[in-house]
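Colleague: I am sharing my_file-v6.cif, which consists of mmCIF, C-alpha atoms and all ligand atoms:
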data_upload
loop_
_atom_site.group_PDB
_atom_site.id
_atom_site.type_symbol
_atom_site.label_atom_id
_atom_site.label_comp_id
_atom_site.auth_asym_id
_atom_site.auth_seq_id
_atom_site.Cartn_x
_atom_site.Cartn_y
_atom_site.Cartn_z
ATOM 1 C CA MET J 1 213.578 -260.279 15.104
ATOM 2 C CA ASN J 2 210.334 -261.772 16.361
ATOM 3 C CA LEU J 3 209.873 -265.157 18.002
ATOM 4 C CA GLU J 4 208.738 -266.878 14.783
ATOM 5 C CA GLU J 5 211.774 -265.609 12.867
ATOM 6 C CA LEU J 6 214.040 -266.682 15.709
ATOM 7 C CA LYS J 7 212.525 -270.184 15.679
ATOM 8 C CA LYS J 8 212.928 -270.459 11.871
ATOM 9 C CA GLU J 9 216.522 -269.316 12.094
ATOM 10 C CA ILE J 10 217.275 -271.969 14.746
ATOM 11 C CA GLN J 11 215.495 -274.696 12.783
ATOM 12 C CA LYS J 12 217.799 -274.080 9.813
ATOM 13 C CA SER J 13 220.609 -275.568 11.882
ATOM 14 C CA PRO J 14 220.927 -279.344 12.342
ATOM 15 C CA PRO J 15 219.338 -280.529 15.662
ATOM 16 C CA GLU J 16 222.673 -281.020 17.443
ATOM 17 C CA LYS J 17 223.744 -277.446 16.594
ATOM 18 C CA ARG J 18 220.483 -275.731 17.599
ATOM 19 C CA LYS J 19 221.465 -275.061 21.191
ATOM 20 C CA ASP J 20 224.664 -273.310 20.055
ATOM 21 C CA LYS J 21 222.728 -271.387 17.414
ATOM 22 C CA LEU J 22 220.213 -270.212 20.024
ATOM 23 C CA GLU J 23 223.018 -269.036 22.300
ATOM 24 C CA GLU J 24 224.701 -267.278 19.393
ATOM 25 C CA LEU J 25 221.481 -265.486 18.401
ATOM 26 C CA MET J 26 220.640 -264.588 22.002
ATOM 27 C CA SER J 27 224.109 -263.062 22.520
ATOM 28 C CA GLU J 28 223.420 -260.683 19.636
ATOM 29 C CA LEU J 29 220.192 -259.403 21.224
ATOM 30 C CA SER J 30 219.977 -256.312 23.401
ATOM 31 C CA PRO J 31 218.220 -256.497 26.819
ATOM 32 C CA GLU J 32 215.286 -254.650 25.181
ATOM 33 C CA ASP J 33 215.082 -257.288 22.428
ATOM 34 C CA ILE J 34 215.071 -260.096 25.015
ATOM 35 C CA GLU J 35 212.276 -258.313 26.917
ATOM 36 C CA GLU J 36 210.333 -258.026 23.656
ATOM 37 C CA LEU J 37 210.766 -261.767 22.971
ATOM 38 C CA LYS J 38 209.540 -262.627 26.461
ATOM 39 C CA LYS J 39 206.411 -260.582 25.792
ATOM 40 C CA GLN J 40 205.805 -262.514 22.583
ATOM 41 C CA GLU J 41 205.721 -265.815 24.416
ATOM 42 C CA CYS J 42 203.703 -264.535 27.394
ATOM 43 C CA ILE J 43 200.245 -266.120 27.371
ATOM 44 C CA PHE J 44 198.701 -263.103 29.139
ATOM 45 C CA CYS J 45 200.133 -260.692 26.565
ATOM 46 C CA MET J 46 198.700 -262.983 23.868
ATOM 47 C CA ILE J 47 195.282 -262.937 25.575
ATOM 48 C CA ALA J 48 195.502 -259.131 25.861
ATOM 49 C CA SER J 49 196.309 -258.779 22.153
ATOM 50 C CA LYS J 50 193.514 -261.301 21.344
ATOM 51 C CA LYS J 51 195.978 -263.754 19.758
ATOM 52 C CA VAL J 52 194.614 -266.300 22.238
ATOM 53 C CA SER J 53 190.881 -266.465 22.881
ATOM 54 C CA SER J 54 189.477 -266.072 26.379
ATOM 55 C CA HIS J 55 186.255 -265.453 28.269
ATOM 56 C CA VAL J 56 186.467 -261.736 28.945
ATOM 57 C CA ILE J 57 184.377 -260.456 31.824
ATOM 58 C CA TYR J 58 185.878 -256.947 32.036
ATOM 59 C CA GLU J 59 187.958 -254.836 29.669
ATOM 60 C CA ASP J 60 189.129 -251.246 29.483
ATOM 61 C CA ILE J 61 191.977 -249.530 27.676
ATOM 62 C CA ASP J 62 194.642 -250.783 30.114
ATOM 63 C CA TYR J 63 193.214 -253.869 31.857
ATOM 64 C CA LEU J 64 191.579 -257.155 31.062
ATOM 65 C CA ALA J 65 189.800 -259.646 33.325
ATOM 66 C CA VAL J 66 189.045 -263.158 32.078
ATOM 67 C CA LEU J 67 187.749 -266.416 33.520
ATOM 68 C CA ASP J 68 190.676 -268.601 34.618
ATOM 69 C CA ILE J 69 190.743 -271.709 32.411
ATOM 70 C CA LEU J 70 191.985 -273.754 35.403
ATOM 71 C CA PRO J 71 189.672 -272.278 38.026
ATOM 72 C CA ALA J 72 190.079 -272.870 41.755
ATOM 73 C CA THR J 73 186.310 -272.458 42.011
ATOM 74 C CA PRO J 74 183.557 -271.629 39.477
ATOM 75 C CA GLY J 75 183.846 -267.931 38.580
ATOM 76 C CA HIS J 76 187.614 -267.666 39.307
ATOM 77 C CA VAL J 77 188.731 -264.519 37.476
ATOM 78 C CA ILE J 78 192.218 -263.210 36.655
ATOM 79 C CA LEU J 79 192.670 -259.474 36.224
ATOM 80 C CA PHE J 80 195.852 -258.191 34.598
ATOM 81 C CA PRO J 81 197.349 -255.177 32.836
ATOM 82 C CA LYS J 82 197.446 -255.408 29.044
ATOM 83 C CA GLN J 83 201.101 -254.392 29.216
ATOM 84 C CA HIS J 84 203.720 -256.964 30.242
ATOM 85 C CA ILE J 85 204.242 -255.616 33.773
ATOM 86 C CA ILE J 86 206.425 -257.889 35.888
ATOM 87 C CA SER J 87 206.638 -256.148 39.248
ATOM 88 C CA LEU J 88 204.256 -254.811 41.864
ATOM 89 C CA GLN J 89 206.217 -251.556 41.802
ATOM 90 C CA ASN J 90 205.189 -250.907 38.203
ATOM 91 C CA LEU J 91 201.563 -251.880 38.690
ATOM 92 C CA ASP J 92 199.221 -248.905 38.615
ATOM 93 C CA ASN J 93 196.947 -248.226 41.618
ATOM 94 C CA GLU J 94 193.936 -248.352 39.326
ATOM 95 C CA ILE J 95 194.037 -252.164 39.125
ATOM 96 C CA PHE J 96 193.098 -252.399 42.814
ATOM 97 C CA ALA J 97 189.963 -250.324 42.266
ATOM 98 C CA ILE J 98 189.002 -252.580 39.342
ATOM 99 C CA ALA J 99 189.685 -255.675 41.480
ATOM 100 C CA LYS J 100 187.255 -254.366 44.082
ATOM 101 C CA LYS J 101 184.634 -253.669 41.422
ATOM 102 C CA ILE J 102 184.912 -257.252 40.076
ATOM 103 C CA ALA J 103 185.027 -258.757 43.586
ATOM 104 C CA LEU J 104 181.738 -257.030 44.428
ATOM 105 C CA VAL J 105 180.162 -258.511 41.299
ATOM 106 C CA LEU J 106 181.531 -261.987 42.099
ATOM 107 C CA SER J 107 180.237 -261.631 45.655
ATOM 108 C CA GLN J 108 176.792 -261.785 44.149
ATOM 109 C CA LEU J 109 177.506 -265.391 43.072
ATOM 110 C CA THR J 110 178.357 -266.901 46.441
ATOM 111 C CA GLY J 111 178.620 -264.020 48.905
ATOM 112 C CA ASN J 112 182.296 -264.908 49.544
ATOM 113 C CA VAL J 113 185.375 -263.908 47.553
ATOM 114 C CA ASN J 114 189.167 -263.744 47.956
ATOM 115 C CA ILE J 115 191.276 -261.073 46.238
ATOM 116 C CA LEU J 116 194.801 -262.390 45.827
ATOM 117 C CA LEU J 117 197.979 -260.848 44.423
ATOM 118 C CA GLN J 118 201.194 -262.870 44.440
ATOM 119 C CA SER J 119 204.368 -260.770 44.287
ATOM 120 C CA GLY J 120 207.570 -262.820 44.308
ATOM 121 C CA ALA J 121 208.140 -266.566 43.957
ATOM 122 C CA LEU J 122 207.808 -267.241 47.704
ATOM 123 C CA ALA J 123 204.443 -265.474 47.620
ATOM 124 C CA GLY J 124 203.317 -267.852 44.894
ATOM 125 C CA GLN J 125 203.962 -265.704 41.796
ATOM 126 C CA LYS J 126 204.150 -268.262 38.999
ATOM 127 C CA THR J 127 204.157 -266.050 35.921
ATOM 128 C CA GLU J 128 206.190 -262.944 35.115
ATOM 129 C CA HIS J 129 203.084 -261.027 34.070
ATOM 130 C CA MET J 130 201.510 -259.508 37.211
ATOM 131 C CA MET J 131 197.882 -260.338 37.914
ATOM 132 C CA ILE J 132 195.222 -260.372 40.580
ATOM 133 C CA HIS J 133 193.157 -263.484 41.251
ATOM 134 C CA LEU J 134 189.538 -263.098 42.301
ATOM 135 C CA ILE J 135 188.236 -266.363 43.686
ATOM 136 C CA PRO J 136 184.594 -266.834 44.669
ATOM 137 C CA ARG J 137 184.458 -269.120 47.700
ATOM 138 C CA VAL J 138 182.041 -271.915 48.430
ATOM 139 C CA LYS J 139 181.792 -274.379 51.301
ATOM 140 C CA ASP J 140 184.365 -277.239 51.108
ATOM 141 C CA ASP J 141 185.974 -275.770 47.962
ATOM 142 C CA LYS J 142 189.459 -277.095 48.912
ATOM 143 C CA VAL J 143 191.030 -273.636 48.428
ATOM 144 C CA ASN J 144 193.436 -273.149 51.303
ATOM 145 C CA ILE J 145 194.552 -269.622 52.201
ATOM 146 C CA THR J 146 195.814 -269.903 55.775
ATOM 147 C CA TRP J 147 198.875 -268.929 57.820
ATOM 148 C CA PRO J 148 200.248 -269.715 61.256
ATOM 149 C CA ALA J 149 199.476 -267.339 64.152
ATOM 150 C CA ASN J 150 203.023 -267.026 65.549
ATOM 151 C CA LYS J 151 203.754 -265.600 69.005
ATOM 152 C CA VAL J 152 205.999 -262.528 68.898
ATOM 153 C CA ASP J 153 207.767 -260.344 71.432
ATOM 154 C CA ASP J 154 206.551 -256.726 71.663
ATOM 155 C CA GLN J 155 210.166 -255.487 71.263
ATOM 156 C CA ILE J 156 210.341 -257.218 67.887
ATOM 157 C CA LEU J 157 207.040 -255.627 66.839
ATOM 158 C CA LEU J 158 208.398 -252.224 67.840
ATOM 159 C CA LYS J 159 211.572 -252.739 65.813
ATOM 160 C CA LEU J 160 209.601 -253.931 62.811
ATOM 161 C CA LYS J 161 207.238 -250.965 63.080
ATOM 162 C CA GLU J 162 210.170 -248.546 62.954
ATOM 163 C CA GLU J 163 211.813 -250.357 60.086
ATOM 164 C CA ILE J 164 208.619 -250.422 58.031
ATOM 165 C CA ILE J 165 207.709 -246.786 58.700
ATOM 166 C CA SER J 166 211.226 -245.686 57.697
ATOM 167 C CA LYS J 167 210.742 -247.277 54.275
ATOM 168 C CA PHE J 168 207.650 -245.287 53.293
ATOM 169 C CA PRO J 169 208.454 -242.872 50.483
ATOM 170 C CA ARG J 170 208.922 -239.432 52.078
ATOM 171 C CA LYS J 171 208.110 -236.087 50.597
ATOM 172 C CA LYS J 172 210.746 -233.371 50.480
ATOM 173 C CA GLU J 173 208.830 -231.080 52.837
ATOM 174 C CA GLU J 174 208.742 -233.356 55.867
ATOM 175 C CA ASN J 175 205.744 -232.049 57.770
ATOM 176 C CA LEU J 176 202.165 -233.173 58.187
ATOM 177 C CA GLU J 177 200.799 -230.425 55.942
ATOM 178 C CA SER J 178 202.743 -231.852 53.023
ATOM 179 C CA TYR J 179 200.634 -235.010 53.144
ATOM 180 C CA SER J 180 197.083 -235.150 51.922
ATOM 181 C CA LYS J 181 194.430 -236.167 54.460
ATOM 182 C CA LYS J 182 194.296 -239.637 52.956
ATOM 183 C CA GLU J 183 198.022 -240.466 53.109
ATOM 184 C CA ARG J 184 199.135 -239.347 56.548
ATOM 185 C CA LEU J 185 202.031 -241.237 58.066
ATOM 186 C CA PRO J 186 201.947 -242.359 61.719
HETATM 187 ZN ZN ZN T 1 202.878 -260.617 29.451
#
Using the file provided, produce a representation of the structure as structure tokens.
Modeller:
Amino acid sequence: MNLEELKKEIQKSPPEKRKDKLEELMSELSPEDIEELKKQECIFCMIASKKVSSHVIYEDIDYLAVLDILPATPGHVILFPKQHIISLQNLDNEIFAIAKKIALVLSQLTGNVNILLQSGALAGQKTEHMMIHLIPRVKDDKVNITWPANKVDDQILLKLKEEIISKFPRKKEENLESYSKKERLP
């Protein structure tokens, strides 16, 4: 069932029964069906499938970059996978190379650009669909990307270092030769 059919089905019920009808229909759906419905109402999936128009500045088989319709500054671009990818873990490395390519182009506008990815609600992720913001910066643009410079004890840094290093994915053969020159662990 697609979103339109679901809506029609719900609208057949009288208004006071619609909530119950929705719950009844949702309970019959598999997790895959619910995922599919979410995709259908995702604005970025709709832009990717050209159901919603946009100002495309970059496109390849897997990625799309468009001008943000509520830009932080003129030239604010959002880059996202055409697939409904909802976690950083499932985002392909390639998107970061494309982000750099676009950032270098945007740099030609003002000479200053931020590349921003928000993973998790506390990091500012507002939509399920993962994306990278590329924001050209100009003087007094009111964009505020700052953080406090907290004092920290060296012992805490040491503990954090060990904890972080231990979480890197390890290869089965645990020796330096098993890592390529570019991905050597400390
Ligand atoms: Zn989506």
Colleague: Distance limit 7 Å, reference ligand ZN 1 (chain T), atoms considered: all atoms listed in the file. Which residues make the cut? Give them as a PyMOL selection string.
Modeller: chain J and resi 39+42-45+83-85+128-129
Colleague: Run the PyMOL selection byres (((chain J and resi 9) around 12) and not hetatm) mentally over the shown coordinates, then write out the matched residues as a ChimeraX atom specification, using the chain letters and numbers from the document.
Modeller: /J:1-8,10-14,17-19,21-22,24-26
Colleague: From the set J:Leu29, J:His133, J:Gln89, J:Ala121, which residue has the shortest atom-to-atom contact distance to Ile102 (chain J), counting only C-alpha atoms?
Modeller: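 Of J:Leu29, J:His133, J:Gln89, J:Ala121, the one nearest Ile102 (chain J) is J:His133, counting only C-alpha atoms.
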Colleague: With all atoms listed in the file as the basis for distance, which of J:Ile132, J:Val138, J:Val52, J:Ala97 is at the shortest distance from Val77 (chain J)?
Modeller: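 Looking at the shortest contact to Val77 (chain J), the residue is J:Ile132.
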Colleague: When you look at Val143 (chain J) with a cut-off of 12 Å (counting only C-alpha atoms), what residues show up, excluding the ones that are within fewer than 6 positions of it in the same chain? I need them as an MDAnalysis selection string.
Modeller: chainID J and resid 71:74 76 113:114 135:137
Colleague: Apply the PyMOL selection byres (((chain J and resi 131) around 12) and not hetatm) to the displayed file and report the matching residues as a ChimeraX atom specification.
Modeller: /J:44-45,63-66,68,77-88,90-92,95-96,98-99,115-120,124-130,132-134
Colleague: Would you work out the distance separating CA of Ile47 (chain J) from CA of Gln108 (chain J), expressed in Å to one decimal?
Modeller: 26.2 Å
Colleague: Enclose the full set of atoms of region 135-145 of chain J listed in the file within a box whose edges lie along x, y and z, apply 3 Å of padding to each of the six sides, and report centre and edge lengths in Å to one decimal as JSON.
Modeller:
{"center_x": 188.2, "center_y": -271.8, "center_z": 47.9, "size_x": 18.8, "size_y": 16.9, "size_z": 14.5}
Colleague: Go ahead and compute the interatomic distance for CA of Ser54 (chain J) and CA of Ile69 (chain J), in Å to one decimal.
Modeller: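 Spanning CA of Ser54 (chain J) to CA of Ile69 (chain J) is a straight-line distance of 8.4 Å.
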Colleague: As an exercise, work out the distance from CA of Asp62 (chain J) to CA of Ile34 (chain J) in Å and give it to one decimal place.
Modeller: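 Spanning CA of Asp62 (chain J) to CA of Ile34 (chain J) is a straight-line distance of 23.0 Å.
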